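Engineer: Got a structure for you, input.cif, holding mmCIF, C-alpha atoms and all ligand atoms.
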data_input
loop_
_atom_site.label_atom_id
_atom_site.label_comp_id
_atom_site.auth_asym_id
_atom_site.auth_seq_id
_atom_site.Cartn_x
_atom_site.Cartn_y
_atom_site.Cartn_z
CA MET A 3 11.30 1.95 -5.70
CA LYS A 4 14.50 0.99 -3.83
CA LYS A 5 15.24 -2.47 -2.38
CA PRO A 6 15.64 -2.81 1.42
CA SER A 7 19.22 -3.41 2.61
CA THR A 8 18.22 -5.71 5.47
CA ASN A 9 15.49 -8.04 6.71
CA LYS A 10 15.67 -6.61 10.26
CA TYR A 11 16.16 -3.06 11.54
CA PRO A 12 17.83 -2.37 14.90
CA ALA A 13 15.57 -1.38 17.82
CA VAL A 14 14.87 2.37 17.77
CA ASN A 15 16.22 2.95 21.29
CA THR A 16 19.58 1.32 20.50
CA ILE A 17 20.71 3.46 17.55
CA THR A 18 22.06 6.98 17.02
CA ASP A 19 19.86 9.72 15.54
CA LYS A 20 21.92 9.64 12.35
CA GLU A 21 21.44 5.88 11.93
CA ARG A 22 17.72 6.21 12.68
CA ILE A 23 17.32 8.87 9.98
CA ARG A 24 19.03 6.53 7.50
CA VAL A 25 16.64 3.71 8.49
CA VAL A 26 13.58 5.99 8.14
CA ARG A 27 14.68 7.22 4.71
CA GLU A 28 15.27 3.62 3.55
CA ILE A 29 11.96 2.37 4.93
CA PHE A 30 9.81 5.01 3.24
CA SER A 31 11.64 4.74 -0.08
CA THR A 32 11.11 0.95 -0.14
CA ILE A 33 7.43 0.77 0.92
CA THR A 34 6.06 3.64 -1.21
CA GLY A 35 4.18 1.42 -3.72
CA LYS A 36 2.09 -0.30 -1.04
CA TYR A 37 2.07 2.56 1.52
CA ASP A 38 -1.49 3.81 0.97
CA PHE A 39 -2.98 0.33 0.66
CA LEU A 40 -1.28 -0.96 3.84
CA ASN A 41 -2.18 2.19 5.79
CA HIS A 42 -5.86 1.70 5.03
CA PHE A 43 -5.80 -2.10 5.40
CA LEU A 44 -3.81 -2.28 8.66
CA SER A 45 -5.86 0.47 10.32
CA LEU A 46 -9.20 -0.83 8.92
CA ARG A 47 -9.45 2.56 7.16
CA ARG A 48 -9.43 4.41 10.48
CA ASP A 49 -6.48 6.44 9.14
CA VAL A 50 -8.89 8.11 6.69
CA ALA A 51 -11.26 9.05 9.55
CA TRP A 52 -8.34 10.31 11.71
CA ARG A 53 -7.11 12.63 8.94
CA ARG A 54 -10.68 13.84 8.28
CA PHE A 55 -11.11 14.60 12.02
CA THR A 56 -7.83 16.56 11.93
CA ALA A 57 -8.88 18.52 8.84
CA LYS A 58 -12.23 19.41 10.46
CA LYS A 59 -10.37 20.92 13.45
CA MET A 60 -8.32 23.27 11.20
CA ARG A 61 -9.15 26.99 11.45
CA PHE A 62 -8.11 29.34 8.62
CA PHE A 63 -8.32 33.03 9.46
CA LYS A 64 -5.46 35.02 7.94
CA THR A 65 -3.32 33.56 5.15
CA ASN A 66 -5.59 30.63 4.18
CA LYS A 67 -2.49 28.47 3.86
CA TYR A 68 -1.85 24.99 5.27
CA LEU A 69 1.55 23.31 5.55
CA ASP A 70 1.72 19.49 5.55
CA VAL A 71 5.05 18.47 7.14
CA ALA A 72 6.40 14.98 6.25
CA CYS A 73 3.45 14.83 3.85
CA GLY A 74 4.28 11.36 2.45
CA THR A 75 1.77 10.65 -0.32
CA GLY A 76 -0.25 13.77 0.59
CA ASP A 77 -3.34 12.33 2.29
CA LEU A 78 -3.62 15.04 4.98
CA SER A 79 -3.15 17.76 2.31
CA ILE A 80 -6.03 16.22 0.35
CA ALA A 81 -8.25 15.93 3.44
CA ALA A 82 -7.53 19.61 4.27
CA VAL A 83 -8.56 20.81 0.78
CA ILE A 84 -11.75 18.71 0.79
CA GLU A 85 -12.76 20.22 4.15
CA HIS A 86 -11.60 23.81 3.34
CA PRO A 87 -11.81 24.41 -0.44
CA GLN A 88 -10.71 28.06 -0.05
CA ILE A 89 -7.16 27.19 1.13
CA SER A 90 -3.90 26.52 -0.65
CA VAL A 91 -1.59 23.80 0.61
CA ALA A 92 2.16 23.22 0.57
CA GLY A 93 3.54 19.84 1.61
CA PHE A 94 7.01 18.40 1.82
CA ASP A 95 8.76 15.15 2.67
CA PHE A 96 12.43 14.15 2.59
CA VAL A 97 11.80 10.91 0.60
CA SER A 98 11.44 11.71 -3.10
CA GLU A 99 9.55 8.44 -3.84
CA MET A 100 6.79 9.45 -1.40
CA VAL A 101 6.59 12.98 -2.84
CA GLN A 102 6.36 11.64 -6.42
CA ALA A 103 3.54 9.25 -5.44
CA GLY A 104 1.77 12.20 -3.77
CA ILE A 105 2.13 14.43 -6.83
CA SER A 106 0.63 11.72 -9.09
CA LYS A 107 -2.29 11.26 -6.70
CA ILE A 108 -2.97 15.01 -6.54
CA GLU A 109 -2.91 15.24 -10.34
CA LYS A 110 -5.43 12.38 -10.58
CA LYS A 111 -7.70 14.20 -8.11
CA ASN A 112 -7.45 17.46 -10.10
CA MET A 113 -6.03 19.30 -7.09
CA LYS A 114 -2.85 20.58 -8.78
CA GLU A 115 -3.95 24.20 -8.44
CA LYS A 116 -4.49 23.81 -4.70
CA VAL A 117 -1.72 21.50 -3.46
CA MET A 118 2.01 21.79 -4.13
CA LEU A 119 4.23 18.97 -2.86
CA MET A 120 8.04 19.07 -2.80
CA GLN A 121 11.10 17.56 -1.15
CA GLY A 122 12.27 19.09 2.14
CA ASP A 123 13.46 18.37 5.66
CA ALA A 124 11.31 18.97 8.75
CA LEU A 125 14.42 20.08 10.66
CA ARG A 126 14.90 23.02 8.26
CA ILE A 127 11.44 23.89 6.95
CA PRO A 128 11.86 25.63 3.57
CA PHE A 129 9.40 28.49 4.30
CA ASP A 130 9.49 31.96 5.91
CA ASP A 131 8.37 32.75 9.45
CA ASN A 132 4.62 33.34 10.05
CA THR A 133 3.40 31.93 6.71
CA PHE A 134 0.72 29.33 7.51
CA ASP A 135 -2.57 29.54 9.46
CA VAL A 136 -2.17 25.83 10.21
CA THR A 137 0.90 23.61 10.19
CA GLY A 138 0.34 19.87 10.60
CA ILE A 139 2.14 16.55 10.60
CA ALA A 140 0.44 13.15 10.36
CA PHE A 141 2.28 10.02 11.50
CA GLY A 142 5.58 11.78 10.91
CA ILE A 143 6.84 13.11 14.24
CA ARG A 144 7.42 9.54 15.52
CA ASN A 145 9.98 9.11 12.75
CA ILE A 146 11.94 12.27 13.54
CA PRO A 147 14.54 11.73 16.31
CA ASP A 148 15.05 15.49 16.94
CA ARG A 149 11.37 16.15 17.45
CA ASP A 150 11.99 19.37 19.45
CA GLN A 151 13.68 20.94 16.44
CA ALA A 152 10.85 19.83 14.12
CA LEU A 153 8.22 21.28 16.49
CA LYS A 154 10.16 24.56 16.81
CA GLU A 155 10.32 24.80 13.02
CA MET A 156 6.56 24.16 12.76
CA LEU A 157 5.97 26.92 15.32
CA ARG A 158 8.25 29.33 13.43
CA VAL A 159 6.39 29.05 10.10
CA THR A 160 2.90 29.31 11.70
CA VAL A 161 1.22 32.73 12.02
CA PRO A 162 0.66 34.06 15.58
CA GLY A 163 -2.65 32.63 16.80
CA GLY A 164 -2.37 29.77 14.28
CA GLN A 165 -2.57 26.03 14.99
CA ILE A 166 0.16 23.38 15.10
CA MET A 167 -1.41 19.92 14.71
CA ILE A 168 0.26 16.61 15.43
CA LEU A 169 -1.57 13.40 14.55
CA GLU A 170 0.31 10.36 15.81
CA MET A 171 -0.12 6.73 16.86
CA THR A 172 0.78 5.96 20.46
CA PHE A 173 0.91 2.82 22.55
CA ILE A 174 -2.54 2.43 24.12
CA GLN A 175 -2.65 2.94 27.94
CA ASN A 176 -5.76 0.87 28.87
CA ARG A 177 -4.56 -2.45 30.42
CA PHE A 178 -6.94 -4.71 28.49
CA PHE A 179 -6.43 -3.05 25.10
CA LYS A 180 -2.69 -2.76 25.75
CA LEU A 181 -2.28 -6.55 25.58
CA LEU A 182 -4.43 -6.85 22.42
CA TYR A 183 -2.57 -3.97 20.81
CA TYR A 184 0.80 -5.47 21.72
CA VAL A 185 -0.20 -8.73 20.02
CA TYR A 186 -1.50 -6.82 16.99
CA LEU A 187 1.65 -4.69 16.65
CA ASN A 188 4.17 -7.46 17.22
CA TYR A 189 2.52 -10.48 15.60
CA LEU A 190 -0.40 -9.60 13.28
CA LEU A 191 1.01 -6.47 11.70
CA PRO A 192 4.37 -8.08 10.75
CA LEU A 193 2.43 -11.10 9.39
CA PHE A 194 0.24 -8.94 7.11
CA ALA A 195 3.29 -6.92 6.12
CA LYS A 196 5.10 -10.13 5.16
CA ILE A 197 2.23 -11.05 2.86
CA PHE A 198 1.77 -7.62 1.26
CA SER A 199 4.89 -5.46 1.63
CA ALA A 200 8.19 -5.43 -0.26
CA ASN A 201 9.88 -4.61 3.05
CA PRO A 202 8.23 -6.46 5.97
CA ALA A 203 11.03 -5.39 8.35
CA ALA A 204 9.67 -1.85 8.03
CA TYR A 205 6.57 -2.94 9.95
CA HIS A 206 8.65 -4.27 12.86
CA TYR A 207 10.18 -0.80 12.96
CA LEU A 208 6.66 0.68 12.94
CA ALA A 209 5.64 -1.38 16.01
CA ASP A 210 8.88 -0.54 17.79
CA SER A 211 8.56 3.19 17.11
CA ILE A 212 4.95 3.26 18.40
CA ILE A 213 5.84 1.41 21.61
CA ASN A 214 8.74 3.81 22.25
CA PHE A 215 6.78 7.03 21.58
CA PRO A 216 5.98 9.34 24.56
CA SER A 217 2.54 9.12 26.21
CA PRO A 218 -0.03 11.79 25.18
CA GLU A 219 0.59 13.67 28.46
CA GLN A 220 4.35 13.61 27.95
CA PHE A 221 3.94 14.73 24.36
CA ALA A 222 1.71 17.66 25.39
CA ARG A 223 4.50 18.79 27.77
CA ILE A 224 7.06 18.52 24.95
CA MET A 225 4.83 20.81 22.85
CA GLU A 226 4.50 23.30 25.73
CA ASN A 227 8.27 23.32 26.19
CA THR A 228 8.73 24.43 22.58
CA GLY A 229 6.55 27.49 23.32
CA MET A 230 3.10 26.36 22.12
CA ILE A 231 0.11 27.25 24.29
CA THR A 232 -3.35 25.83 25.11
CA ILE A 233 -2.54 22.27 24.04
CA GLU A 234 -5.66 20.23 23.20
CA LYS A 235 -5.48 16.40 23.22
CA HIS A 236 -8.01 14.31 21.28
CA PRO A 237 -7.93 10.49 21.61
CA LEU A 238 -9.08 8.65 18.48
CA THR A 239 -10.23 5.00 18.24
CA PHE A 240 -9.69 4.12 21.95
CA GLY A 241 -6.46 6.16 22.00
CA VAL A 242 -4.63 4.17 19.31
CA THR A 243 -4.01 7.58 17.74
CA TRP A 244 -4.04 11.07 19.26
CA LEU A 245 -4.42 14.49 17.76
CA HIS A 246 -2.56 17.21 19.67
CA ILE A 247 -3.26 20.84 18.78
CA GLY A 248 -1.09 23.70 20.03
CA ILE A 249 -1.51 27.42 19.37
CA LYS A 250 1.26 29.87 18.53
CA HIS A 251 1.21 32.70 21.07
CA GLU A 252 0.08 36.05 19.58
CA GLN A 253 3.34 37.67 20.76
CA ASN A 254 5.67 35.07 19.20
C1 LIG B 301 4.26 7.32 8.21
S1 LIG B 301 4.68 8.43 6.92
C2 LIG B 301 3.35 9.60 7.01
C3 LIG B 301 3.02 10.22 5.68
C4 LIG B 301 1.79 11.10 5.63
N1 LIG B 301 1.91 12.26 6.47
C5 LIG B 301 0.53 10.35 5.95
O1 LIG B 301 -0.32 10.87 6.68
O2 LIG B 301 0.35 9.23 5.44
C6 LIG B 301 6.03 9.32 7.63
C7 LIG B 301 6.73 10.23 6.64
O3 LIG B 301 7.66 11.06 7.35
C8 LIG B 301 8.71 11.37 6.46
N2 LIG B 301 9.82 11.95 7.22
C9 LIG B 301 10.48 11.42 8.27
N3 LIG B 301 11.42 12.27 8.72
C10 LIG B 301 11.34 13.39 7.95
C11 LIG B 301 12.03 14.64 7.93
N4 LIG B 301 13.01 14.89 8.80
N5 LIG B 301 11.68 15.55 7.02
C12 LIG B 301 10.69 15.30 6.12
N6 LIG B 301 10.01 14.14 6.07
C13 LIG B 301 10.32 13.19 6.98
C14 LIG B 301 8.97 10.02 5.82
O4 LIG B 301 9.72 10.13 4.63
C15 LIG B 301 7.56 9.51 5.58
O5 LIG B 301 7.07 9.82 4.30
#
For the file at hand, write its structure as structure tokens.
Ligand SMILES: C[S@@+](CC[C@H](N)C(=O)[O-])C[C@H]1O[C@@H](n2cnc3c(N)ncnc32)[C@H](O)[C@@H]1O
Structural biologist:
Amino acid sequence: MKKPSTNKYPAVNTITDKERIRVVREIFSTITGKYDFLNHFLSLRRDVAWRRFTAKKMRFFKTNKYLDVACGTGDLSIAAVIEHPQISVAGFDFVSEMVQAGISKIEKKNMKEKVMLMQGDALRIPFDDNTFDVTGIAFGIRNIPDRDQALKEMLRVTVPGGQIMILEMTFIQNRFFKLLYYVYLNYLLPLFAKIFSANPAAYHYLADSIINFPSPEQFARIMENTGMITIEKHPLTFGVTWLHIGIKHEQN
């Protein structure tokens, strides 16, 4: 695991896309060892329920293949196979440390025959057009500055009539919860991260990136603008996280 180069990252809305990609790569290569533990701890294990909800919404009807974009340590791939044992899964992430941790986990779970993880970039998805019944990304789109390009790539590799699923944390809209959530993101989360993580600055970045992410309505419009149709929006845990599902038009 790499060492962080800084104890503070610049605010996400003050840096270029190139610099942000460098920050994201550094963050995920320095927090890999504690990533799963902190995900479960900081979300009170809601992240497990959110991925399970997403997997239950998946519909396989043609190729029986699922693509996990920015797969990290592979938790959405694993949830998909548990829910749909007939499928095969490909997942990729641009940070090799995350992919390696995912591969070890999949071996331990005896899922090697079902799930193949590799390195790859969401801006140039390493698969042919119309390959997957379902293409998903969990907690990844927030970390990709050129999200239009990533969504267009997800659409390209999905079969016509297939689903594109985006699970992501957003800044809660309700006025009462907004204040609580702000305190949690800016004070409690960095405090826990300081105790448990090798790179506490990464969790300041996490808070910043959530606060600066588009609202669910704005994000649904972004999906529509890339050519997806019938966008469904599902709020999870009071809207801390949302699942958006778009469909690839039959004529695409
Ligand atoms: C918060 S983690 C989510 C991991 C996993 N999907 C999960 O549910 O836990 C975000 C992941 O996005 C990856 N990532 C960010 N930009 C990427 C890109 N352009 N291509 C591939 N992976 C990317 C990071 O390396 C990181 O592993």
Engineer: Report the closest atom pair, with its distance in Å rounded to one decimal, for each residue of chain A that has an atom no farther than 6 Å from ligand LIG 301 (chain B); count all atoms listed in the file, sort by chain and then rising residue number, and write it as CSV.
Structural biologist:
residue,atom,partner,partner_atom,distance
A:Arg27,CA,B:LIG301,O4,5.8
A:Phe30,CA,B:LIG301,O4,5.3
A:Ala72,CA,B:LIG301,N6,3.7
A:Cys73,CA,B:LIG301,N1,4.0
A:Gly74,CA,B:LIG301,C3,3.6
A:Thr75,CA,B:LIG301,C4,6.0
A:Asp77,CA,B:LIG301,O1,5.5
A:Leu78,CA,B:LIG301,O1,5.6
A:Asp95,CA,B:LIG301,N6,3.8
A:Phe96,CA,B:LIG301,C12,4.1
A:Val97,CA,B:LIG301,O4,4.6
A:Met100,CA,B:LIG301,O5,5.7
A:Gly122,CA,B:LIG301,C12,5.7
A:Asp123,CA,B:LIG301,N5,3.6
A:Ala124,CA,B:LIG301,N5,3.9
A:Leu125,CA,B:LIG301,N4,5.7
A:Ile139,CA,B:LIG301,N1,6.0
A:Ala140,CA,B:LIG301,N1,4.3
A:Phe141,CA,B:LIG301,C2,4.6
A:Gly142,CA,B:LIG301,C6,4.1
A:Asn145,CA,B:LIG301,C9,5.1
A:Ile146,CA,B:LIG301,N3,4.8
Engineer: Can you build me a table of range 199-241 of chain A residues sitting at most 12 Å from range 151-161 of chain A, with the closest atom pair per residue and its distance in Å to one decimal, using all atoms listed in the file, sorted by chain and residue number, as CSV?
Structural biologist:
residue,atom,partner,partner_atom,distance
A:Phe221,CA,A:Leu153,CA,11.1
A:Ala222,CA,A:Leu153,CA,11.6
A:Ile224,CA,A:Leu153,CA,9.0
A:Met225,CA,A:Leu153,CA,7.2
A:Glu226,CA,A:Leu153,CA,10.2
A:Asn227,CA,A:Lys154,CA,9.6
A:Thr228,CA,A:Lys154,CA,5.9
A:Gly229,CA,A:Lys154,CA,8.0
A:Met230,CA,A:Leu157,CA,7.4
A:Ile231,CA,A:Leu157,CA,10.7
Engineer: Ala82 in chain A: which residues within 9 Å, counting only C-alpha atoms, same-chain residues fewer than 2 positions away excluded, as a PyMOL selection string?
Structural biologist: chain A and resi 53-54+56-58+60+68+77-80+84-87+89+91
Engineer: Could you tell me which of A:Asn15, A:Gln253, A:Ser217, A:Thr239 comes closest to Ser45 in chain A if we count only C-alpha atoms?
Structural biologist: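 For Ser45 in chain A, the nearest of the given residues is A:Thr239.
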Engineer: Measuring atom to atom with all atoms listed in the file, identify which of A:Asn214, A:Leu191, A:Leu169, A:Lys64 is nearest to Phe43 in chain A.
Structural biologist: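 Smallest distance to Phe43 in chain A is found for A:Leu191.
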Engineer: What gap, in Å, lies between CA of Met171 in chain A and CA of Gln102 in chain A?
Structural biologist: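 Taking CA of Met171 in chain A and CA of Gln102 in chain A, their separation equals 24.7 Å.
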Engineer: Hey, can you check how far CA of Thr65 in chain A sits from CA of Thr133 in chain A?
Structural biologist: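 CA of Thr133 in chain A lies 7.1 Å from CA of Thr65 in chain A.
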Engineer: If I put a ball of radius 8 Å at (7.6, 20.7, -0.2) in the file's coordinates, which residues poke into it when counting all atoms listed in the file, written as a list in words?
Structural biologist: Ala92, Gly93, Phe94, Asp95, Met118, Leu119, Met120, Gln121, Gly122 and Pro128 of chain A
Engineer: Could you tell me which of A:Pro216, A:Gly241, A:Gly35, A:Pro12 comes closest to Arg144 in chain A if we count only C-alpha atoms?
Structural biologist: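 Once distances to Arg144 in chain A are computed over only C-alpha atoms, the minimum belongs to A:Pro216.
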Engineer: Using Å and a single decimal, report how far CA of Leu238 in chain A sits from CA of Lys196 in chain A.
Structural biologist: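 CA of Lys196 in chain A sits 27.0 Å away from CA of Leu238 in chain A.
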Engineer: When you count all atoms listed in the file, which of these residues is closest to Pro192 in chain A: A:Thr172, A:Val25, A:Leu40, A:Lys250?
Structural biologist: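 Checking each of A:Thr172, A:Val25, A:Leu40, A:Lys250 against Pro192 in chain A, counting all atoms listed in the file, the winner is A:Leu40.
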